[in-house]
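Asker: Sharing a structure here in structure tokens format.
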Amino acid sequence: AIDAPVEGPDGRSRWAVRHYNRGGAVAARLGDRYLRGGRSRPQREIRAAAAARDRGVRTPAVVAGAVYPAGIYYRCDLVTEVVPGAKTLAHTAHATDGTRAWLEAMAAAGRLASDLAEAGILHVDLNAHNILFEEGDATRAWVIDLDRARIRARSDSDTAERMLARLTRSVVKVGTPTGESLGDREVLAALRGKA
């Protein structure tokens, strides 16, 4: 995070600069490069974040995006306002707060997935690392990494289930505060606030 020269859209004076990096199998080959053509990652994320915010979903305000052309590729950065004291859902699984805070965070993450679906936004990579919580508040979840999100005019029941299934797989990999191994059924119950 950096001190901002001016306040951002939400009046915050700290900004986060995120450099985009590839994930998955192509990461070893392409690193932080993306093929040029169409909308860039920052353009897509700015559009998706604006749509999410307009539709009542908590996501940090985007301040700027930058694209650095390099031949047929580009590299890029995104600047957003900082969520104060942000911790990821993955972090709550290993925090000293214990199981109660984790269950609150899980239920809030599940509500966030529902909020996204109701807003007509499909976050195709919703996982335990791109859901944030303000310091000391495990009940208000924020979503980040919307560059691959799909924006729809209306919601459908399948959207929430797809995001919850993706999030469930991620949480199973991360684990729990007690180190206990949980299956999909238990994690999904926690995300639905029924644990």
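Residue numbers start at 1 in each chain; chains themselves are named A, B, ... in the order of the structure tokens; ligands are numbered from 1 in the order shown.
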So that I can check the surroundings of segment 13-22 of chain A, please list as a PyMOL selection string every protein, DNA and RNA residue that reaches within 12 Å of it, counting only C-alpha atoms and ignoring chain neighbours fewer than 5 positions away.
Answerer: chain A and resi 1-8+27-35+40-42+45+60-68+74-86+144-147
Asker: Looking only at the backbone, which of the residues in segment 92-151 of chain A does DSSP tag as strand (DSSP E), as a list in words?
Answerer: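 Assigned to strand (DSSP E), within segment 92-151 of chain A: Ile121, Leu122, Ile131, Leu132, Phe133, Ala141, Trp142, Val143, Arg150 and Ile151 of chain A.
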Asker: Hey, which of A:Ala70, A:Ala95, A:Ala25, A:Leu188 ends up closest to Glu135 of chain A? Count only C-alpha atoms.
Answerer: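 For Glu135 of chain A, the nearest of the given residues is A:Ala95.
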Asker: Would you mind writing down, as a ChimeraX atom specification, each residue of segment 43-129 of chain A that DSSP on the backbone assigns to helix (DSSP H, G or I)?
Answerer: /A:43-54,89-92,99-118
Asker: So which residues touch Leu122 of chain A within 9 Å, counting only C-alpha atoms, skipping near sequence neighbours fewer than 5 positions away, as an MDAnalysis selection string?
Answerer: chainID A and resid 113 116:117 148:152 155 159:160 162:163
Asker: Could you state the separation of atom CA of Thr59 of chain A and atom CA of Asp115 of chain A in Å, given to one decimal place?
Answerer: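 The value is 11.6 Å.
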